[in-house]
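**Q** Sharing my_file.tsv below, TSV, C-alpha atoms and all ligand atoms:
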```tsv
chain	number	residue	atom	x	y	z
M	495	MET	CA	107.27	91.41	107.19
M	496	ARG	CA	110.35	90.13	105.66
M	497	ASN	CA	113.55	90.65	107.58
M	498	SER	CA	115.33	91.95	104.57
M	499	ILE	CA	112.71	94.59	104.11
M	500	TRP	CA	112.88	95.72	107.70
M	501	LEU	CA	116.64	95.93	107.69
M	502	ILE	CA	116.88	98.29	104.78
M	503	LEU	CA	114.93	100.84	106.68
M	504	ALA	CA	116.24	100.48	110.12
M	505	ALA	CA	117.74	103.90	110.46
M	506	VAL	CA	115.27	106.09	108.74
M	507	MET	CA	111.76	107.00	109.63
M	508	VAL	CA	109.96	107.13	106.38
M	509	LEU	CA	106.53	108.57	106.34
M	510	ALA	CA	105.18	106.98	103.24
M	511	ALA	CA	101.81	107.51	101.80
M	512	CYS	CA	99.40	104.80	102.72
M	513	GLY	CA	97.33	103.55	99.87
M	514	SER	CA	93.94	103.57	101.40
M	515	GLN	CA	93.48	107.17	100.64
M	516	GLU	CA	89.97	107.89	99.88
M	517	SER	CA	87.33	110.36	99.26
M	518	GLU	CA	84.49	110.57	101.66
M	519	ASP	CA	82.49	112.34	99.08
M	520	GLU	CA	79.49	110.94	97.45
M	521	SER	CA	79.03	112.14	93.96
M	522	THR	CA	75.53	113.36	93.60
M	523	PRO	CA	73.96	116.08	91.51
M	524	THR	CA	73.50	118.02	94.71
M	525	ALA	CA	77.01	117.96	96.01
M	526	SER	CA	77.15	119.29	99.50
M	527	ALA	CA	79.33	122.12	100.66
M	528	PHE	CA	81.25	119.65	102.75
M	529	GLU	CA	82.81	117.91	99.84
M	530	THR	CA	86.55	118.06	99.82
M	531	PRO	CA	89.12	116.25	97.77
M	532	PRO	CA	90.29	112.84	98.90
M	533	THR	CA	93.09	112.94	101.40
M	534	VAL	CA	96.11	110.77	101.61
M	535	GLU	CA	96.86	108.80	104.71
M	536	VAL	CA	100.41	109.38	105.80
M	537	PHE	CA	101.52	106.87	108.36
M	538	PRO	CA	104.70	105.64	109.91
M	539	THR	CA	105.94	102.65	108.04
M	540	PRO	CA	108.89	100.39	108.55
M	541	LEU	CA	108.98	99.42	104.93
M	542	PRO	CA	111.52	100.63	102.42
M	543	ALA	CA	110.63	103.20	99.84
M	544	LEU	CA	112.24	101.11	97.18
M	545	ALA	CA	110.20	97.99	97.78
M	546	PRO	CA	108.57	96.99	94.51
M	547	ILE	CA	105.07	97.64	95.65
M	548	ALA	CA	102.35	99.14	93.60
M	549	LYS	CA	101.49	101.53	96.38
M	550	SER	CA	104.76	103.39	95.92
M	551	SER	CA	102.97	105.11	93.10
M	552	VAL	CA	101.19	107.15	95.72
M	553	GLN	CA	103.44	110.13	95.82
M	554	PRO	CA	103.98	112.07	99.02
M	555	PRO	CA	103.38	115.44	97.36
M	556	ILE	CA	99.69	114.70	96.93
M	557	ALA	CA	99.20	114.85	100.66
M	558	VAL	CA	97.62	118.22	100.11
M	559	ASN	CA	95.84	118.24	103.42
M	560	SER	CA	98.87	117.28	105.47
M	561	PRO	CA	99.98	120.10	107.72
M	562	GLU	CA	103.49	118.80	107.51
M	563	PRO	CA	104.57	116.99	104.40
M	564	PRO	CA	106.00	113.55	104.83
M	565	ILE	CA	109.74	113.28	104.77
M	566	ALA	CA	110.01	113.48	101.04
M	567	LEU	CA	111.93	110.90	99.12
M	568	PRO	CA	114.14	111.95	96.29
M	569	PRO	CA	111.96	112.21	93.22
M	570	THR	CA	114.00	109.53	91.57
M	571	ALA	CA	113.04	107.05	94.26
M	572	VAL	CA	109.45	106.93	93.11
M	573	PRO	CA	109.59	106.78	89.35
M	574	GLU	CA	106.33	104.94	88.90
M	575	PRO	CA	103.43	106.58	87.11
M	576	THR	CA	100.67	108.14	89.13
M	577	ILE	CA	98.41	105.19	89.07
M	578	ALA	CA	99.88	101.87	90.04
M	579	ALA	CA	101.03	100.17	86.89
M	580	ASP	CA	102.14	96.65	87.31
M	581	PRO	CA	103.46	95.37	84.00
M	582	ARG	CA	101.22	92.38	84.23
M	583	GLY	CA	98.31	94.01	85.94
M	584	PRO	CA	95.53	92.08	87.55
M	585	SER	CA	93.37	89.89	85.46
M	586	LEU	CA	89.91	91.29	85.35
M	587	GLU	CA	87.16	89.69	83.41
M	588	ASP	CA	85.14	92.25	81.55
M	589	GLU	CA	81.89	91.02	82.97
M	590	ARG	CA	83.26	91.48	86.46
M	591	THR	CA	84.24	95.07	85.90
M	592	ILE	CA	81.11	96.08	87.64
M	593	TYR	CA	80.98	93.56	90.36
M	594	ALA	CA	77.85	91.99	91.71
M	595	PRO	CA	77.53	88.88	93.84
M	596	ASP	CA	76.68	85.53	92.38
M	597	SER	CA	73.00	85.27	91.59
M	598	SER	CA	72.56	82.63	94.26
M	599	THR	CA	73.30	85.22	96.88
M	600	PHE	CA	70.89	87.83	95.60
M	601	ILE	CA	68.34	89.06	98.05
M	602	GLN	CA	64.78	89.10	96.85
M	603	LYS	CA	63.52	92.30	95.35
M	604	SER	CA	61.86	94.75	97.64
M	605	PRO	CA	58.26	94.02	98.55
M	606	THR	CA	56.92	96.68	96.21
M	607	SER	CA	58.33	94.82	93.25
M	608	VAL	CA	57.22	91.36	94.29
M	609	THR	CA	53.53	91.00	94.69
M	610	ASN	CA	50.56	93.01	95.83
M	611	ASP	CA	48.52	89.91	96.44
M	612	THR	CA	48.08	89.53	100.15
M	613	THR	CA	49.84	90.70	103.22
M	614	LEU	CA	49.48	87.25	104.78
M	615	THR	CA	51.93	85.63	102.39
M	616	PRO	CA	55.20	85.14	104.27
M	617	PRO	CA	58.19	86.72	102.59
M	618	PRO	CA	60.34	84.37	100.55
M	619	PRO	CA	63.33	83.04	102.49
M	620	VAL	CA	66.54	84.95	102.03
M	621	PRO	CA	69.16	82.62	100.57
M	622	THR	CA	72.03	81.86	102.89
M	623	PRO	CA	75.05	83.75	101.62
M	624	GLU	CA	77.77	81.49	100.34
M	625	THR	CA	81.30	81.72	101.65
M	626	ILE	CA	84.44	80.21	100.20
M	627	GLU	CA	86.03	77.24	101.94
M	628	PRO	CA	88.67	77.81	104.64
M	629	LEU	CA	91.39	76.32	102.47
M	630	GLU	CA	90.44	78.64	99.63
M	631	SER	CA	90.45	81.57	102.02
M	632	ARG	CA	93.93	80.54	103.13
M	633	ARG	CA	95.16	80.17	99.57
M	634	ILE	CA	93.91	83.58	98.53
M	635	LEU	CA	95.19	85.36	101.64
M	636	LEU	CA	98.64	83.82	101.36
M	637	SER	CA	98.84	84.80	97.70
M	638	THR	CA	97.35	88.24	98.16
M	639	LEU	CA	98.71	89.91	101.26
M	640	GLY	CA	102.04	91.58	100.83
M	641	HIS	CA	102.32	90.70	97.16
M	642	THR	CA	102.52	92.60	93.94
M	643	TRP	CA	100.51	91.36	91.00
M	644	GLU	CA	103.79	90.20	89.53
M	645	SER	CA	104.66	88.04	92.50
M	646	ALA	CA	101.11	86.89	93.17
M	647	GLY	CA	100.34	85.79	89.65
M	648	PRO	CA	99.20	83.51	88.26
M	649	ASP	CA	97.98	82.11	91.58
M	650	ILE	CA	95.29	84.67	92.15
M	651	THR	CA	93.06	86.92	90.11
M	652	LEU	CA	91.05	89.99	90.95
M	653	ASP	CA	88.00	87.77	91.04
M	654	ASP	CA	89.63	85.66	93.78
M	655	ILE	CA	90.16	88.78	95.84
M	656	ILE	CA	86.57	89.88	95.35
M	657	ASP	CA	85.40	86.42	96.41
M	658	ALA	CA	87.58	86.59	99.52
M	659	PHE	CA	86.28	90.06	100.32
M	660	GLU	CA	82.70	88.91	100.03
M	661	THR	CA	83.37	85.91	102.26
M	662	GLY	CA	84.93	88.16	104.88
M	663	TYR	CA	81.98	90.52	104.64
M	664	ILE	CA	79.53	87.65	105.14
M	665	LEU	CA	81.53	86.25	108.05
M	666	VAL	CA	81.35	89.61	109.79
M	667	THR	CA	77.83	90.75	108.97
M	668	GLY	CA	75.95	87.60	107.94
M	669	GLN	CA	74.93	89.28	104.70
M	670	THR	CA	76.29	90.03	101.28
M	671	PRO	CA	76.97	93.68	100.44
M	672	GLU	CA	74.01	93.64	98.09
M	673	GLN	CA	71.73	92.40	100.82
M	674	ALA	CA	72.94	95.33	102.90
M	675	GLY	CA	72.07	97.76	100.15
M	676	TRP	CA	75.30	98.49	98.33
M	677	THR	CA	77.88	96.92	96.01
M	678	PRO	CA	81.60	97.34	95.48
M	679	LEU	CA	82.66	98.63	92.09
M	680	VAL	CA	86.07	97.24	91.22
M	681	LEU	CA	87.69	98.72	88.14
M	682	SER	CA	90.89	98.00	86.32
M	683	ALA	CA	93.50	100.75	86.54
M	684	GLY	CA	92.52	102.22	83.18
M	685	GLU	CA	88.83	102.01	83.88
M	686	TYR	CA	89.33	103.65	87.24
M	687	ILE	CA	91.04	106.64	85.63
M	688	GLU	CA	88.28	106.92	83.06
M	689	PHE	CA	85.58	106.61	85.70
M	690	VAL	CA	86.84	109.26	88.11
M	691	THR	CA	87.79	111.59	85.26
M	692	ILE	CA	84.19	111.58	84.12
M	693	ARG	CA	82.71	111.68	87.59
M	694	HIS	CA	85.11	114.16	89.14
M	695	PRO	CA	86.73	116.17	86.36
M	696	GLY	CA	89.70	118.20	87.48
M	697	GLU	CA	89.82	116.68	90.95
M	698	GLU	CA	93.31	115.28	91.13
M	699	GLY	CA	92.78	113.58	94.46
M	700	PHE	CA	90.34	111.10	92.97
M	701	LEU	CA	92.87	110.08	90.35
M	702	GLN	CA	95.45	109.34	92.98
M	703	ALA	CA	93.21	107.66	95.49
M	704	THR	CA	93.17	103.88	95.53
M	705	SER	CA	89.52	103.77	96.57
M	706	TYR	CA	86.72	105.87	97.93
M	707	CYS	CA	83.21	105.82	99.24
M	708	CYS	CA	80.89	106.31	97.54
M	709	GLU	CA	79.09	106.87	94.29
M	710	MET	CA	75.37	106.67	93.63
M	711	THR	CA	75.05	105.01	90.25
M	712	THR	CA	72.28	103.25	88.39
M	713	ASP	CA	73.33	100.19	90.40
M	714	GLY	CA	72.76	102.01	93.67
M	715	LEU	CA	75.30	102.92	96.31
M	716	GLN	CA	78.78	101.77	95.32
M	717	THR	CA	82.25	101.95	96.75
M	718	VAL	CA	84.88	102.47	94.06
M	719	VAL	CA	88.17	100.58	94.14
M	720	ASN	CA	91.10	100.78	91.76
M	721	GLY	CA	91.88	97.13	91.02
M	722	GLY	CA	95.28	98.07	89.63
M	723	VAL	CA	96.95	98.63	92.99
M	724	SER	CA	98.64	95.78	94.83
M	725	PRO	CA	96.48	92.71	95.57
M	726	GLY	CA	96.64	93.24	99.31
M	727	THR	CA	95.65	96.87	98.90
M	728	VAL	CA	92.66	95.92	96.76
M	729	LEU	CA	91.46	93.57	99.48
M	730	THR	CA	91.98	95.97	102.38
M	731	SER	CA	90.54	98.88	100.39
M	732	LEU	CA	87.40	96.87	99.70
M	733	ALA	CA	87.15	96.14	103.41
M	734	HIS	CA	87.80	99.73	104.48
M	735	GLU	CA	85.32	101.31	102.10
M	736	ALA	CA	82.73	98.72	103.12
M	737	GLY	CA	82.88	100.24	106.59
M	738	HIS	CA	82.20	103.67	105.15
M	739	ALA	CA	79.35	102.35	103.00
M	740	LEU	CA	77.61	100.83	106.00
M	741	GLN	CA	77.80	104.13	107.84
M	742	ARG	CA	76.26	105.94	104.88
M	743	ILE	CA	73.39	103.50	104.87
M	744	ASN	CA	72.85	103.28	108.62
M	745	ASN	CA	73.51	106.83	109.79
M	746	PRO	CA	73.82	109.30	106.90
M	747	SER	CA	73.52	112.24	109.29
M	748	GLN	CA	77.24	111.80	110.00
M	749	ASN	CA	78.02	112.74	106.40
M	750	ARG	CA	76.90	116.31	106.96
M	751	HIS	CA	80.16	116.84	108.77
M	752	SER	CA	83.45	117.38	107.02
M	753	ARG	CA	86.39	115.04	107.21
M	754	ASP	CA	88.40	117.45	109.36
M	755	SER	CA	85.99	117.27	112.26
M	756	ASN	CA	85.45	114.98	115.20
M	757	VAL	CA	82.67	113.28	113.27
M	758	GLY	CA	85.10	112.79	110.38
M	759	ALA	CA	87.59	111.08	112.68
M	760	ILE	CA	84.84	108.89	114.10
M	761	ARG	CA	83.94	107.84	110.55
M	762	GLU	CA	87.53	106.70	110.04
M	763	ALA	CA	87.43	104.79	113.32
M	764	GLN	CA	84.36	102.96	112.00
M	765	ALA	CA	86.05	102.13	108.72
M	766	TYR	CA	89.21	100.82	110.39
M	767	ALA	CA	87.14	98.75	112.79
M	768	PHE	CA	85.27	97.17	109.91
M	769	GLU	CA	88.40	96.72	107.78
M	770	ALA	CA	90.22	94.92	110.58
M	771	ALA	CA	87.15	92.86	111.46
M	772	LEU	CA	86.85	91.63	107.88
M	773	ILE	CA	90.54	90.85	107.42
M	774	ARG	CA	90.75	89.14	110.80
M	775	ALA	CA	87.62	87.12	110.05
M	776	LEU	CA	89.22	85.94	106.82
M	777	GLY	CA	92.45	85.18	108.66
M	778	ALA	CA	90.62	83.12	111.24
M	779	HIS	CA	88.68	81.34	108.49
M	780	GLY	CA	91.89	80.36	106.72
M	781	ASN	CA	94.16	80.10	109.77
M	782	VAL	CA	96.48	82.88	108.64
M	783	ASN	CA	98.13	85.43	110.93
M	784	VAL	CA	96.95	88.84	109.82
M	785	SER	CA	97.10	90.79	113.08
M	786	HIS	CA	100.40	90.18	114.80
M	787	LEU	CA	103.58	91.99	113.88
M	788	LEU	CA	106.86	90.17	113.99
M	789	ILE	CA	109.06	90.25	117.09
M	790	GLU	CA	112.03	92.36	116.10
M	791	PRO	CA	113.49	95.77	116.97
M	792	GLN	CA	111.84	97.42	114.00
M	793	THR	CA	108.43	96.55	115.35
M	794	ASP	CA	109.06	98.51	118.54
M	795	GLU	CA	110.31	101.45	116.49
M	796	TYR	CA	107.21	101.25	114.32
M	797	VAL	CA	104.95	101.29	117.36
M	798	ASP	CA	106.90	104.16	118.88
M	799	ARG	CA	106.32	106.19	115.73
M	800	TRP	CA	102.61	105.51	115.96
M	801	ARG	CA	102.59	106.63	119.56
M	802	ALA	CA	104.41	109.85	118.65
M	803	ARG	CA	102.00	110.39	115.77
M	804	TRP	CA	98.98	109.97	118.02
M	805	THR	CA	100.44	112.28	120.65
M	806	ASP	CA	101.18	114.97	118.07
M	807	LYS	CA	97.95	114.78	116.12
M	808	LYS	CA	95.34	113.90	118.75
M	809	ASP	CA	93.76	117.35	118.55
M	810	ASP	CA	94.62	118.18	114.95
M	811	LEU	CA	91.38	117.74	113.04
M	812	ARG	CA	93.19	117.54	109.72
M	813	PHE	CA	94.52	114.10	110.63
M	814	GLU	CA	91.28	112.21	110.71
M	815	HIS	CA	92.91	108.89	109.86
M	816	GLU	CA	95.41	108.96	112.71
M	817	ARG	CA	92.72	110.21	115.04
M	818	GLY	CA	90.41	107.48	113.79
M	819	PHE	CA	92.84	104.77	114.86
M	820	LEU	CA	93.27	106.44	118.24
M	821	ILE	CA	89.54	106.89	118.80
M	822	LEU	CA	88.94	103.23	117.97
M	823	TRP	CA	91.52	102.18	120.56
M	824	LEU	CA	90.08	104.47	123.20
M	825	ALA	CA	86.55	103.27	122.46
M	826	ALA	CA	87.74	99.68	122.80
M	827	LEU	CA	89.48	100.35	126.11
M	828	ALA	CA	86.30	102.01	127.36
M	829	ASP	CA	84.20	98.98	126.46
M	830	GLY	CA	83.61	97.45	129.86
M	831	THR	CA	81.29	94.70	128.62
M	832	PRO	CA	82.29	91.38	130.22
M	833	GLY	CA	84.30	89.57	127.56
M	834	GLY	CA	84.18	92.71	125.42
M	835	ALA	CA	86.92	94.72	123.80
M	836	ALA	CA	88.75	95.82	126.95
M	837	ASP	CA	88.77	92.29	128.33
M	838	GLN	CA	90.06	90.94	125.03
M	839	ILE	CA	92.84	93.53	124.96
M	840	ALA	CA	93.87	92.37	128.42
M	841	SER	CA	93.68	88.69	127.46
M	842	PRO	CA	96.76	86.69	126.49
M	843	LEU	CA	96.00	87.11	122.78
M	844	ARG	CA	95.60	90.88	123.16
M	845	VAL	CA	93.56	91.14	119.97
M	846	VAL	CA	89.90	92.11	119.65
M	847	ASP	CA	87.93	89.56	117.68
M	848	PRO	CA	85.97	90.36	114.50
M	849	LYS	CA	82.56	90.25	116.10
M	850	THR	CA	83.55	92.70	118.83
M	851	LEU	CA	85.21	95.00	116.29
M	852	PHE	CA	82.00	94.96	114.29
M	853	ASP	CA	80.09	95.82	117.48
M	854	LEU	CA	82.43	98.79	117.98
M	855	HIS	CA	81.90	99.81	114.37
M	856	GLN	CA	78.14	99.76	114.85
M	857	LYS	CA	78.34	101.66	118.12
M	858	LEU	CA	80.39	104.41	116.48
M	859	VAL	CA	78.03	104.51	113.50
M	860	ALA	CA	75.09	104.95	115.86
M	861	LEU	CA	76.56	108.07	117.47
M	862	GLU	CA	74.62	111.21	116.80
M	863	PRO	CA	76.88	113.92	115.38
M	864	GLY	CA	75.99	116.21	118.27
M	865	GLU	CA	77.50	113.70	120.68
M	866	ALA	CA	80.84	113.52	118.93
M	867	ASP	CA	82.72	116.30	120.72
M	868	SER	CA	81.85	115.23	124.24
M	869	TYR	CA	82.35	111.57	123.34
M	870	ILE	CA	85.89	112.21	122.19
M	871	ASP	CA	86.65	114.55	125.10
M	872	THR	CA	85.68	111.81	127.51
M	873	LEU	CA	87.74	109.20	125.68
M	874	MET	CA	90.80	111.45	125.66
M	875	GLU	CA	90.90	111.77	129.45
M	876	ASP	CA	93.98	110.06	130.84
M	877	LEU	CA	95.34	109.81	127.32
M	878	SER	CA	98.91	109.30	128.47
M	879	ASP	CA	97.94	106.19	130.41
M	880	SER	CA	95.88	104.96	127.48
M	881	LEU	CA	98.78	105.41	125.08
M	882	ASN	CA	100.95	103.29	127.37
M	883	VAL	CA	98.40	100.50	127.14
M	884	ILE	CA	97.92	100.90	123.39
M	885	ALA	CA	101.60	100.92	122.44
M	886	GLY	CA	102.36	98.19	124.93
M	887	THR	CA	99.60	95.98	123.61
M	888	ILE	CA	100.65	96.26	119.96
M	889	SER	CA	104.24	95.47	120.92
M	890	ILE	CA	103.49	92.65	123.31
M	891	ARG	CA	101.23	90.82	120.89
M	892	ALA	CA	104.01	90.62	118.33
M	893	THR	CA	104.83	87.06	117.41
M	894	GLN	CA	107.69	85.00	116.09
M	895	PHE	CA	105.47	83.74	113.30
M	896	PRO	CA	105.60	86.09	110.32
M	897	SER	CA	102.42	87.38	108.80
M	898	PRO	CA	102.10	87.03	105.03
M	899	GLY	CA	100.66	90.52	105.09
M	900	SER	CA	102.29	93.88	105.19
M	901	VAL	CA	101.57	97.09	107.01
M	902	GLU	CA	102.21	98.64	103.62
M	903	ASP	CA	98.97	97.15	102.39
M	904	SER	CA	97.03	98.01	105.47
M	905	HIS	CA	98.01	99.20	108.88
M	906	ALA	CA	94.59	98.46	110.27
M	907	PRO	CA	94.68	94.76	111.20
M	908	TYR	CA	98.06	95.24	112.87
M	909	VAL	CA	97.45	98.58	114.53
M	910	VAL	CA	93.82	98.49	115.71
M	911	PRO	CA	92.92	96.97	119.10
S	1001	ZN	ZN	88.40	105.93	105.33
```
Translate this structure into structure tokens?
**A**
Amino acid sequence: MRNSIWLILAAVMVLAACGSQESEDESTPTASAFETPPTVEVFPTPLPALAPIAKSSVQPPIAVNSPEPPIALPPTAVPEPTIAADPRGPSLEDERTIYAPDSSTFIQKSPTSVTNDTTLTPPPPVPTPETIEPLESRRILLSTLGHTWESAGPDITLDDIIDAFETGYILVTGQTPEQAGWTPLVLSAGEYIEFVTIRHPGEEGFLQATSYCCEMTTDGLQTVVNGGVSPGTVLTSLAHEAGHALQRINNPSQNRHSRDSNVGAIREAQAYAFEAALIRALGAHGNVNVSHLLIEPQTDEYVDRWRARWTDKKDDLRFEHERGFLILWLAALADGTPGGAADQIASPLRVVDPKTLFDLHQKLVALEPGEADSYIDTLMEDLSDSLNVIAGTISIRATQFPSPGSVEDSHAPYVVP
């Protein structure tokens, strides 16, 4: 959050498109009736429209599902092509186009493919997943968050970001994605266009999304991420879609419900919980502030806009992303476990730690769809009081130490409990 950036925007509330737009749709031969095009998250942002960020390629007009279009910028203010096109672009080794973890982290094949010898043979030990060193985590985070590929290069590559993502995933879950039953598919900008054009012909939303969950390919369940967007967005998109992938694996019954439903909003709450858990785990690993906004007037204005957004959209099912953030907060405040989320929110740090966020993620994933309506109704009781606590907490935990990150790359680590 650079002062200069904040200042440019001081007077205007710009509702810019957030890059972690996604499709919740799994492409299968038997596409369900619930499939809808990817939506675009439209959030309050204190950042200037003219900042040279790859995400500015996400044009407000594609917010097709928004009941009220964002305050549109003059067309000339966003001259970039549809898909983020940094002149340098990320470096992406061909063999990493379809990403899979290092062989040392591979889980053993399923029992049916191993041996039919005897049931008394103990299973082979699962290799301990390897994480990068704290200093490497710090280096990558500092070079990734809030940067364009132009400004980040040549310090980091797409492979660095994938390594950091996997370390964060292991820190949170104790497993690699592959061990959990899925893999991230990271494509270069051109490959991403080609991929979604073949998979989803004529569906414009997929072209403009930065990532989505999921596809079932010959490599199994995969999240799909456009590696051509800003480095920070690649990292947070990987983290966000990982949250969706885990839900698909652990409670697929939730996918029978459309995005514009209470279940859809709960799915977003899960994804934001996991995204923030992963980024915060990486931040803690490398001793980098990734959760605290900067103390300055613009921060209070930013939080006020969130509060207004939540108040306006709390019952509007079309805004599953906004409602997802709100539901996550309310679920955290309702967590009365000693030392749990509510206690952490009330603690001097006022931030929920990665483990507890992952617990919240899992709790929300475990909800049966039939419980969703009453669950949210209960959470929304005394909403006005809750919003006072939520907005107050985000403001009070602001710090004088700048984060290298940017709410433009991801609101989640800054805005979740
Ligand atoms: Zn999502």
**Q** Please identify every polymer residue within 7 Å of ligand ZN 1001 (chain S), using only C-alpha atoms and all ligand atoms, and present the set as a list in words.
**A**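 So the residues close to ligand ZN 1001 (chain S) are Glu516, His734, Glu735, His738, Glu762 and Ala765 of chain M.
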**Q** Between CA of Ala733 (chain M) and CA of Asp798 (chain M), what is the spacing in Å?
**A**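 Computing the Euclidean distance for CA of Asp798 (chain M) and CA of Ala733 (chain M) yields 26.3 Å.
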**Q** Please list as an mmCIF file with C-alpha atoms, keeping the file's coordinate frame every residue within 8 Å of region 770-787 of chain M, counting all atoms listed in the file and excluding residues in the same chain fewer than 6 positions away.
**A**
```cif
data_model
loop_
_atom_site.group_PDB
_atom_site.id
_atom_site.type_symbol
_atom_site.label_atom_id
_atom_site.label_comp_id
_atom_site.auth_asym_id
_atom_site.auth_seq_id
_atom_site.Cartn_x
_atom_site.Cartn_y
_atom_site.Cartn_z
ATOM 1 C CA MET M 495 107.270 91.410 107.190
ATOM 2 C CA PRO M 628 88.670 77.810 104.640
ATOM 3 C CA LEU M 629 91.390 76.320 102.470
ATOM 4 C CA GLU M 630 90.440 78.640 99.630
ATOM 5 C CA SER M 631 90.450 81.570 102.020
ATOM 6 C CA ARG M 632 93.930 80.540 103.130
ATOM 7 C CA ARG M 633 95.160 80.170 99.570
ATOM 8 C CA LEU M 635 95.190 85.360 101.640
ATOM 9 C CA LEU M 636 98.640 83.820 101.360
ATOM 10 C CA ALA M 658 87.580 86.590 99.520
ATOM 11 C CA PHE M 659 86.280 90.060 100.320
ATOM 12 C CA THR M 661 83.370 85.910 102.260
ATOM 13 C CA GLY M 662 84.930 88.160 104.880
ATOM 14 C CA TYR M 663 81.980 90.520 104.640
ATOM 15 C CA LEU M 665 81.530 86.250 108.050
ATOM 16 C CA VAL M 666 81.350 89.610 109.790
ATOM 17 C CA THR M 730 91.980 95.970 102.380
ATOM 18 C CA ALA M 733 87.150 96.140 103.410
ATOM 19 C CA THR M 793 108.430 96.550 115.350
ATOM 20 C CA VAL M 845 93.560 91.140 119.970
ATOM 21 C CA ASP M 847 87.930 89.560 117.680
ATOM 22 C CA PRO M 848 85.970 90.360 114.500
ATOM 23 C CA LYS M 849 82.560 90.250 116.100
ATOM 24 C CA LEU M 851 85.210 95.000 116.290
ATOM 25 C CA PHE M 852 82.000 94.960 114.290
ATOM 26 C CA ILE M 888 100.650 96.260 119.960
ATOM 27 C CA SER M 889 104.240 95.470 120.920
ATOM 28 C CA ARG M 891 101.230 90.820 120.890
ATOM 29 C CA ALA M 892 104.010 90.620 118.330
ATOM 30 C CA THR M 893 104.830 87.060 117.410
ATOM 31 C CA PHE M 895 105.470 83.740 113.300
ATOM 32 C CA PRO M 896 105.600 86.090 110.320
ATOM 33 C CA SER M 897 102.420 87.380 108.800
ATOM 34 C CA PRO M 898 102.100 87.030 105.030
ATOM 35 C CA GLY M 899 100.660 90.520 105.090
ATOM 36 C CA ALA M 906 94.590 98.460 110.270
ATOM 37 C CA PRO M 907 94.680 94.760 111.200
ATOM 38 C CA TYR M 908 98.060 95.240 112.870
ATOM 39 C CA VAL M 909 97.450 98.580 114.530
ATOM 40 C CA VAL M 910 93.820 98.490 115.710
#
```
**Q** Measuring atom to atom with only C-alpha atoms, identify which of M:Val797, M:Leu679, M:Leu858, M:Ala835 is nearest to Leu881 (chain M).
**A**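 Checking each candidate against Leu881 (chain M), we get M:Val797 as the closest.
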**Q** For a test of reading the model, state the distance in Å between CA of Gly726 (chain M) and CA of His641 (chain M), rounded to one decimal.
**A**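 Between CA of Gly726 (chain M) and CA of His641 (chain M) the gap works out to 6.6 Å.
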**Q** At most 12 Å from (82.0, 103.9, 98.1), file frame, all atoms listed in the file: which residues, as a ChimeraX atom specification?
**A** /M:516-521,671,675-680,704-711,714-720,731-743,765
**Q** Could you name the residues that touch Leu811 (chain M) at 9 Å or less, counting only C-alpha atoms, but leaving out those on the same chain fewer than 6 positions away, as a list of chain:residue names?
**A**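 Listing them by chain and then by number gives M:Arg753, M:Asp754, M:Ser755, M:Asn756, M:Gly758, M:Ala759, M:Arg817.
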**Q** What is the distance between CA of Glu862 (chain M) and CA of Asp713 (chain M), in Å to one decimal?
**A**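 The value is 28.6 Å.
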**Q** Rank nothing, just name the residue among M:Ala683, M:Arg799, M:Trp823, M:Gly830 nearest to Met874 (chain M), using only C-alpha atoms.
**A**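 Using only C-alpha atoms, the shortest distance to Met874 (chain M) belongs to M:Trp823.
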**Q** For Val728 (chain M), which of M:Gly886, M:Gly864, M:Gly640, M:Pro842 is the closest residue, counting all atoms listed in the file?
**A**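 Smallest separation from Val728 (chain M) among the options: M:Gly640.
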**Q** Between M:Thr831, M:Ser904, M:Gln856, M:Gln894, single out the one closest to Asn744 (chain M), counting all atoms listed in the file.
**A**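 That would be M:Gln856, the residue with the smallest distance to Asn744 (chain M).
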